[in-house]
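*Asks:* Enclosed is the structure file upload-v2.cif (mmCIF, C-alpha atoms).
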```cif
data_final
#
loop_
_atom_site.label_atom_id
_atom_site.label_comp_id
_atom_site.auth_asym_id
_atom_site.auth_seq_id
_atom_site.Cartn_x
_atom_site.Cartn_y
_atom_site.Cartn_z
CA MET T 1 -89.99 -68.42 -61.37
CA THR T 2 -86.25 -67.88 -60.96
CA GLU T 3 -84.25 -69.53 -63.72
CA ARG T 4 -82.20 -72.45 -62.49
CA ARG T 5 -78.45 -72.18 -62.56
CA THR T 6 -76.36 -74.48 -64.74
CA LEU T 7 -72.68 -75.37 -64.92
CA TYR T 8 -70.14 -72.66 -65.63
CA PRO T 9 -68.53 -73.01 -69.10
CA PRO T 10 -65.95 -75.81 -69.48
CA ILE T 11 -62.43 -74.96 -68.38
CA GLU T 12 -59.08 -76.74 -68.41
CA PRO T 13 -56.81 -77.09 -65.36
CA TYR T 14 -54.09 -74.50 -65.03
CA SER T 15 -51.95 -77.08 -63.24
CA SER T 16 -52.02 -80.85 -62.67
CA GLY T 17 -49.80 -83.68 -61.55
CA MET T 18 -49.37 -86.80 -59.42
CA LEU T 19 -48.74 -86.74 -55.67
CA ASP T 20 -47.00 -89.63 -53.91
CA VAL T 21 -48.96 -90.17 -50.69
CA GLY T 22 -47.11 -93.30 -49.59
CA ASP T 23 -48.23 -96.92 -49.38
CA GLY T 24 -47.51 -97.23 -53.10
CA HIS T 25 -50.29 -94.78 -54.04
CA GLN T 26 -49.97 -91.89 -56.48
CA LEU T 27 -52.89 -89.45 -56.63
CA TYR T 28 -53.87 -87.52 -59.73
CA TRP T 29 -54.71 -83.90 -58.91
CA GLU T 30 -55.60 -80.77 -60.86
CA ARG T 31 -56.21 -77.13 -60.06
CA CYS T 32 -58.78 -75.02 -61.90
CA GLY T 33 -59.98 -71.46 -61.87
CA THR T 34 -57.89 -68.44 -60.84
CA PRO T 35 -54.61 -68.99 -58.96
CA GLY T 36 -54.81 -67.29 -55.59
CA ALA T 37 -58.62 -66.97 -55.60
CA LYS T 38 -60.83 -68.57 -52.94
CA PRO T 39 -59.42 -72.05 -52.26
CA ALA T 40 -61.67 -75.11 -52.36
CA VAL T 41 -61.28 -78.87 -52.60
CA PHE T 42 -63.74 -81.10 -54.47
CA LEU T 43 -64.36 -84.61 -53.10
CA HIS T 44 -65.95 -87.01 -55.57
CA GLY T 45 -68.37 -89.78 -54.76
CA GLY T 46 -68.22 -93.54 -54.83
CA PRO T 47 -66.06 -94.50 -53.05
CA GLY T 48 -64.15 -95.20 -56.23
CA GLY T 49 -65.98 -92.79 -58.52
CA GLY T 50 -63.26 -90.42 -59.70
CA SER T 51 -63.48 -86.78 -60.72
CA SER T 52 -64.56 -85.53 -64.15
CA PRO T 53 -64.24 -82.34 -66.22
CA ALA T 54 -67.90 -81.48 -65.56
CA HIS T 55 -67.24 -81.30 -61.81
CA ARG T 56 -65.11 -78.20 -62.41
CA GLY T 57 -68.16 -76.30 -63.62
CA GLN T 58 -69.77 -76.12 -60.18
CA PHE T 59 -67.42 -73.27 -59.24
CA ASN T 60 -67.09 -69.77 -60.70
CA PRO T 61 -63.59 -69.93 -62.22
CA ALA T 62 -63.06 -66.20 -61.74
CA ARG T 63 -63.63 -66.45 -57.99
CA TYR T 64 -62.32 -69.90 -57.06
CA ASP T 65 -59.06 -71.80 -57.06
CA VAL T 66 -60.33 -75.40 -56.90
CA LEU T 67 -58.31 -78.55 -56.37
CA LEU T 68 -59.90 -81.75 -57.69
CA PHE T 69 -58.31 -85.17 -57.31
CA ASP T 70 -58.96 -88.87 -57.82
CA GLN T 71 -59.01 -90.77 -54.53
CA ARG T 72 -56.87 -93.86 -53.98
CA GLY T 73 -57.36 -96.59 -56.56
CA CYS T 74 -59.72 -94.77 -58.94
CA GLY T 75 -59.72 -92.43 -61.90
CA ARG T 76 -56.18 -91.56 -62.97
CA SER T 77 -54.65 -92.40 -59.59
CA THR T 78 -52.52 -95.51 -59.30
CA PRO T 79 -52.43 -98.42 -58.62
CA PHE T 80 -55.79 -98.94 -60.29
CA ALA T 81 -58.62 -100.40 -58.16
CA SER T 82 -56.21 -101.06 -55.29
CA LEU T 83 -57.70 -101.81 -51.88
CA THR T 84 -54.36 -101.73 -50.07
CA ALA T 85 -54.02 -98.88 -47.54
CA ASN T 86 -57.33 -97.53 -48.84
CA THR T 87 -59.51 -96.37 -45.92
CA THR T 88 -61.43 -93.26 -44.94
CA TRP T 89 -58.59 -92.14 -42.70
CA HIS T 90 -55.97 -92.61 -45.40
CA LEU T 91 -58.08 -90.34 -47.61
CA VAL T 92 -58.49 -87.73 -44.85
CA GLU T 93 -54.71 -87.51 -44.55
CA ASP T 94 -54.38 -87.37 -48.35
CA ILE T 95 -56.60 -84.27 -48.35
CA GLU T 96 -54.29 -82.67 -45.80
CA ARG T 97 -51.25 -83.51 -47.94
CA LEU T 98 -52.93 -81.93 -50.93
CA ARG T 99 -53.78 -78.81 -48.92
CA ALA T 100 -50.16 -78.45 -47.87
CA MET T 101 -49.01 -79.04 -51.45
CA ALA T 102 -51.42 -76.32 -52.64
CA GLY T 103 -49.97 -73.91 -50.09
CA VAL T 104 -53.28 -72.80 -48.59
CA GLU T 105 -54.04 -72.48 -44.89
CA ARG T 106 -57.79 -73.16 -45.07
CA TRP T 107 -60.22 -74.10 -47.78
CA GLN T 108 -63.83 -74.79 -48.62
CA VAL T 109 -64.68 -78.51 -48.61
CA PHE T 110 -67.26 -79.64 -51.18
CA GLY T 111 -68.47 -83.24 -51.36
CA GLY T 112 -71.45 -85.20 -52.61
CA SER T 113 -72.69 -88.69 -51.73
CA TRP T 114 -69.61 -90.55 -50.43
CA GLY T 115 -67.85 -87.21 -50.86
CA SER T 116 -70.18 -85.82 -48.16
CA THR T 117 -69.05 -88.57 -45.78
CA LEU T 118 -65.40 -87.84 -46.50
CA ALA T 119 -65.97 -84.07 -46.21
CA LEU T 120 -67.51 -84.50 -42.76
CA ALA T 121 -64.74 -86.86 -41.63
CA TYR T 122 -62.07 -84.39 -42.83
CA ALA T 123 -63.75 -81.31 -41.37
CA GLU T 124 -64.28 -82.99 -37.99
CA GLN T 125 -60.62 -84.03 -37.97
CA TYR T 126 -59.35 -80.67 -39.27
CA PRO T 127 -61.94 -77.98 -38.42
CA ASP T 128 -59.26 -75.29 -38.37
CA ARG T 129 -58.51 -76.03 -42.04
CA THR T 130 -62.16 -75.82 -43.16
CA THR T 131 -63.80 -72.50 -44.10
CA GLU T 132 -67.18 -73.89 -45.25
CA LEU T 133 -68.83 -77.18 -46.10
CA ILE T 134 -71.07 -77.82 -49.11
CA LEU T 135 -72.65 -81.25 -49.02
CA ARG T 136 -74.96 -83.13 -51.38
CA GLY T 137 -76.78 -86.42 -50.78
CA VAL T 138 -75.60 -86.90 -47.21
CA PHE T 139 -74.36 -90.40 -46.30
CA LEU T 140 -73.30 -90.91 -42.67
CA PHE T 141 -72.19 -94.54 -43.14
CA ASP T 142 -74.46 -95.88 -40.43
CA GLN T 143 -75.52 -99.52 -40.64
CA SER T 144 -79.09 -98.50 -41.43
CA GLU T 145 -77.90 -96.73 -44.59
CA ILE T 146 -75.88 -99.75 -45.72
CA ASP T 147 -78.90 -101.96 -45.08
CA TRP T 148 -81.11 -99.58 -47.08
CA LEU T 149 -78.91 -100.13 -50.15
CA PHE T 150 -77.99 -103.79 -49.74
CA ARG T 151 -80.66 -105.46 -47.64
CA SER T 152 -84.08 -103.80 -47.74
CA GLY T 153 -85.17 -100.32 -48.67
CA ALA T 154 -84.11 -99.34 -52.16
CA SER T 155 -85.07 -102.88 -53.13
CA GLU T 156 -88.71 -102.00 -52.46
CA ILE T 157 -88.55 -99.08 -54.90
CA TYR T 158 -86.68 -100.92 -57.66
CA PRO T 159 -87.77 -104.56 -57.29
CA GLU T 160 -86.97 -105.67 -60.84
CA GLN T 161 -83.48 -104.11 -60.71
CA TRP T 162 -82.97 -105.66 -57.26
CA ASP T 163 -83.65 -109.11 -58.73
CA ALA T 164 -80.96 -108.42 -61.34
CA PHE T 165 -78.57 -107.32 -58.59
CA VAL T 166 -78.98 -110.49 -56.52
CA ALA T 167 -79.00 -112.80 -59.57
CA PRO T 168 -75.21 -113.46 -59.63
CA ILE T 169 -75.30 -114.56 -55.96
CA PRO T 170 -76.48 -118.08 -54.98
CA PRO T 171 -79.62 -118.04 -52.80
CA ASP T 172 -77.77 -119.37 -49.75
CA GLU T 173 -75.41 -116.33 -49.78
CA ARG T 174 -78.02 -113.62 -50.19
CA GLY T 175 -78.36 -113.02 -46.45
CA ASP T 176 -75.21 -110.87 -46.62
CA LEU T 177 -74.90 -109.43 -50.11
CA VAL T 178 -72.05 -107.08 -49.19
CA GLU T 179 -69.89 -110.06 -48.15
CA ALA T 180 -71.04 -112.19 -51.07
CA TYR T 181 -70.00 -109.49 -53.52
CA ARG T 182 -66.71 -109.00 -51.68
CA LYS T 183 -65.75 -112.62 -52.36
CA ARG T 184 -66.37 -112.22 -56.06
CA LEU T 185 -64.91 -108.74 -56.49
CA THR T 186 -61.65 -109.73 -54.77
CA GLY T 187 -61.43 -113.26 -56.19
CA ASP T 188 -59.03 -114.55 -58.86
CA ASP T 189 -61.70 -115.42 -61.43
CA ARG T 190 -61.58 -112.42 -63.77
CA ALA T 191 -64.81 -113.33 -65.57
CA GLU T 192 -66.70 -113.73 -62.29
CA GLN T 193 -65.21 -110.46 -61.03
CA MET T 194 -66.45 -108.59 -64.09
CA ILE T 195 -69.96 -110.07 -63.84
CA ALA T 196 -70.12 -109.01 -60.18
CA ALA T 197 -68.71 -105.55 -60.91
CA LYS T 198 -71.23 -104.89 -63.68
CA ALA T 199 -74.16 -106.02 -61.51
CA PHE T 200 -72.93 -103.93 -58.57
CA ALA T 201 -72.45 -100.87 -60.78
CA GLN T 202 -75.84 -101.36 -62.44
CA TRP T 203 -77.52 -101.37 -59.02
CA GLU T 204 -75.71 -98.22 -57.94
CA GLY T 205 -76.65 -96.53 -61.20
CA THR T 206 -80.27 -97.49 -60.64
CA THR T 207 -80.48 -95.97 -57.16
CA THR T 208 -78.72 -92.76 -58.14
CA THR T 209 -80.75 -91.83 -61.22
CA LEU T 210 -84.17 -90.34 -60.60
CA LEU T 211 -85.28 -90.82 -64.22
CA PRO T 212 -83.82 -93.27 -66.77
CA ASP T 213 -80.48 -91.88 -67.94
CA PRO T 214 -78.71 -94.14 -70.46
CA ALA T 215 -75.59 -91.95 -70.52
CA ALA T 216 -75.21 -92.05 -66.73
CA MET T 217 -75.78 -95.81 -66.67
CA ALA T 218 -73.20 -96.35 -69.42
CA HIS T 219 -70.74 -94.28 -67.36
CA PHE T 220 -71.34 -96.38 -64.22
CA THR T 221 -71.02 -99.73 -66.00
CA ALA T 222 -68.06 -99.10 -68.33
CA ASP T 223 -65.52 -101.88 -67.67
CA ASP T 224 -62.79 -99.94 -65.84
CA LYS T 225 -65.29 -97.70 -64.05
CA ALA T 226 -67.31 -100.71 -62.90
CA ILE T 227 -64.28 -102.62 -61.60
CA ALA T 228 -62.81 -99.72 -59.62
CA GLY T 229 -66.15 -98.43 -58.39
CA ALA T 230 -67.52 -101.82 -57.33
CA ARG T 231 -64.32 -103.09 -55.70
CA ILE T 232 -63.60 -99.91 -53.74
CA GLU T 233 -67.20 -99.17 -52.76
CA ASN T 234 -67.75 -102.74 -51.60
CA HIS T 235 -64.45 -102.60 -49.67
CA TYR T 236 -65.73 -99.54 -47.80
CA MET T 237 -69.15 -101.11 -47.19
CA VAL T 238 -67.61 -104.31 -45.78
CA ASN T 239 -65.58 -102.21 -43.35
CA LYS T 240 -68.41 -99.75 -42.58
CA GLY T 241 -66.24 -96.87 -43.72
CA TRP T 242 -63.88 -97.41 -40.77
CA LEU T 243 -66.36 -95.33 -38.78
CA GLU T 244 -68.18 -96.19 -35.59
CA ASP T 245 -71.95 -96.22 -35.96
CA GLY T 246 -73.10 -92.66 -35.36
CA GLN T 247 -69.54 -91.26 -35.26
CA LEU T 248 -70.06 -88.38 -37.68
CA LEU T 249 -73.13 -87.18 -35.77
CA ARG T 250 -71.41 -87.71 -32.42
CA ASP T 251 -68.47 -85.48 -33.42
CA VAL T 252 -70.45 -82.81 -35.26
CA GLY T 253 -69.81 -80.36 -32.41
CA ARG T 254 -66.32 -79.94 -33.84
CA LEU T 255 -67.92 -78.07 -36.76
CA LYS T 256 -69.25 -75.28 -34.53
CA GLY T 257 -68.73 -71.95 -36.26
CA ILE T 258 -68.18 -73.46 -39.72
CA PRO T 259 -70.89 -72.39 -42.21
CA GLY T 260 -72.49 -75.21 -44.18
CA ILE T 261 -75.09 -75.88 -46.86
CA ILE T 262 -76.67 -79.25 -47.61
CA VAL T 263 -78.41 -79.75 -50.96
CA GLN T 264 -80.56 -82.87 -50.67
CA GLY T 265 -82.99 -84.42 -53.15
CA ARG T 266 -86.40 -85.29 -51.72
CA HIS T 267 -86.56 -88.41 -53.91
CA ASP T 268 -82.98 -89.58 -53.43
CA SER T 269 -83.14 -93.39 -53.39
CA CYS T 270 -79.40 -93.84 -52.81
CA THR T 271 -78.94 -91.54 -49.81
CA PRO T 272 -82.47 -90.76 -48.56
CA PRO T 273 -83.17 -87.41 -46.85
CA SER T 274 -83.30 -88.91 -43.34
CA ALA T 275 -79.51 -88.71 -42.94
CA ALA T 276 -79.42 -85.05 -43.99
CA TRP T 277 -82.23 -84.32 -41.53
CA GLN T 278 -80.35 -86.07 -38.70
CA LEU T 279 -77.28 -84.01 -39.54
CA LYS T 280 -79.31 -80.79 -39.55
CA LYS T 281 -80.74 -81.57 -36.10
CA ALA T 282 -77.26 -82.29 -34.71
CA TRP T 283 -75.69 -79.26 -36.44
CA PRO T 284 -78.27 -76.42 -36.28
CA GLU T 285 -75.96 -73.94 -38.01
CA VAL T 286 -76.07 -75.82 -41.30
CA GLU T 287 -78.62 -74.77 -43.93
CA LEU T 288 -80.58 -77.72 -45.30
CA GLN T 289 -82.13 -77.31 -48.73
CA ILE T 290 -84.42 -80.18 -49.72
CA VAL T 291 -85.03 -80.07 -53.47
CA PRO T 292 -88.67 -81.14 -54.07
CA ASP T 293 -88.05 -82.65 -57.51
CA GLY T 294 -84.51 -83.82 -56.84
CA GLY T 295 -82.90 -87.24 -56.68
CA HIS T 296 -79.25 -88.07 -56.03
CA LEU T 297 -77.03 -86.91 -58.90
CA TYR T 298 -75.43 -83.47 -58.89
CA SER T 299 -76.37 -83.05 -62.55
CA GLU T 300 -80.13 -83.00 -61.90
CA PRO T 301 -81.46 -79.46 -62.52
CA GLY T 302 -82.67 -78.66 -58.99
CA ILE T 303 -79.63 -80.18 -57.28
CA LEU T 304 -77.18 -78.42 -59.59
CA ASP T 305 -78.97 -75.10 -59.09
CA GLY T 306 -78.61 -75.44 -55.32
CA LEU T 307 -74.94 -76.38 -55.47
CA ILE T 308 -73.92 -73.54 -57.77
CA ARG T 309 -75.88 -71.02 -55.74
CA ALA T 310 -74.05 -72.35 -52.65
CA THR T 311 -70.57 -71.94 -54.16
CA ASP T 312 -71.52 -68.48 -55.44
CA ARG T 313 -72.79 -67.44 -52.00
CA PHE T 314 -69.59 -68.51 -50.24
CA ALA T 315 -67.44 -66.90 -52.93
CA ALA T 316 -69.05 -63.59 -51.95
#
```
Let me see the file written as structure tokens.

*Replies:*
Amino acid sequence: MTERRTLYPPIEPYSSGMLDVGDGHQLYWERCGTPGAKPAVFLHGGPGGGSSPAHRGQFNPARYDVLLFDQRGCGRSTPFASLTANTTWHLVEDIERLRAMAGVERWQVFGGSWGSTLALAYAEQYPDRTTELILRGVFLFDQSEIDWLFRSGASEIYPEQWDAFVAPIPPDERGDLVEAYRKRLTGDDRAEQMIAAKAFAQWEGTTTTLLPDPAAMAHFTADDKAIAGARIENHYMVNKGWLEDGQLLRDVGRLKGIPGIIVQGRHDSCTPPSAAWQLKKAWPEVELQIVPDGGHLYSEPGILDGLIRATDRFAA
């Protein structure tokens, strides 16, 4: 059996800073690897998740020049947890600003979970700027996917955690949990906001971890992480990602000629394989790898192996 690939050794950015993208937002960005090597941009999940040092290790630093950044309102970007001028299409234009700042004509676009949604939206808007796509845990932002997470679907797999998720919401508001959480996450009661944020983050952590992972759960539910992640993710769910239902599949023809690899966990309870399969049928050129023992997180052995083999293949 071929040994599974793991992260490249830890590295530090060779350059970093803040980019003013307007609307009062400043984005934290960093560049890692070898200046002038193959350009790539890393799009983190969430929405509202932020980038981390471990994300750098998915690329061979000798062969890549990778730009990582924290999307509006999260991580080290400011203002913290802001929902103002924070939409999919603001983020698409932010990626273009970062590309221009980096001084590259075209680059590889790498995104997992929500990052896969954003990668598709960017590549369909700017196909001439995209050399390849690497996607993990595909989420197309269709209503059926939102319902899977917040109405019925994942709730059938994790019934006890679902009961904990709905507990902060009065029974008469549970018909629309996304809206019920919006009221609490954007309200003025700080204590209520924190209770809602922790419950929202706990539910997300549950659906994304295939096996119990205390470290991952602690990361999801840390105070600042929970507030930014819950507020921003809920904001995107309420607004259906500012995408028409089926839009990313409808416009997939714009990706013709762009190589792509999808690494998808068979047992992903956050973004089930059906969306990746729909994307594969609409975009025959893409290579779909379904990892038999994989869930959602990039750090799971089979998922990570597929992602690093993908970046290595495109580096060649």

*Asks:* Can you list, as JSON, numbers by chain, the residues that the PyMOL selection byres ((chain T and resi 267) around 12) selects here?

*Replies:* {"T": [137, 154, 157, 207, 208, 209, 210, 211, 264, 265, 266, 268, 269, 270, 271, 272, 273, 274, 290, 291, 292, 293, 294, 295, 296, 297, 300, 302, 303]}

*Asks:* Tell me which residues the PyMOL selection byres ((chain T and resi 31) around 8) grabs here, as number ranges by chain.

*Replies:* T: 13-16, 29-30, 32-33, 65-68

*Asks:* Applied to this file, what does the PyMOL selection byres ((chain T and resi 238-247) around 12) return in terms of residues, put as number ranges by chain?

*Replies:* T: 46-47, 83, 86-92, 114, 117-118, 120-121, 124-125, 139-147, 150, 176-183, 185, 230-237, 248-254, 275, 278-279, 282

*Asks:* What's around Leu307 of chain T at 9 Å? Count all atoms listed in the file, leave out sequence neighbours fewer than 2 positions away in its own chain, and write the answer as a list in words.

*Replies:* Arg5, Gln58, Phe59, Ile134, Leu135, Arg136, Ile261, Ile262, Val263, Tyr298, Gly302, Ile303, Leu304, Asp305, Arg309, Ala310, Thr311 and Asp312 of chain T

*Asks:* Tell me, in Å to one decimal, how far atom CA of Arg313 of chain T is from atom CA of Leu7 of chain T.

*Replies:*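 Separation between atom CA of Arg313 of chain T and atom CA of Leu7 of chain T: 15.2 Å.
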
*Asks:* Looking at all atoms listed in the file, which of T:Leu149, T:Ala123, T:Ala191, T:Ala201 is the one that sits closest to Val41 of chain T?

*Replies:* T:Ala123

*Asks:* I'd like to know which of T:Arg72, T:Arg99, T:Arg190, T:Lys225 is closest to Ala85 of chain T, using only C-alpha atoms.

*Replies:*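 Counting only C-alpha atoms, the residue closest to Ala85 of chain T is T:Arg72.
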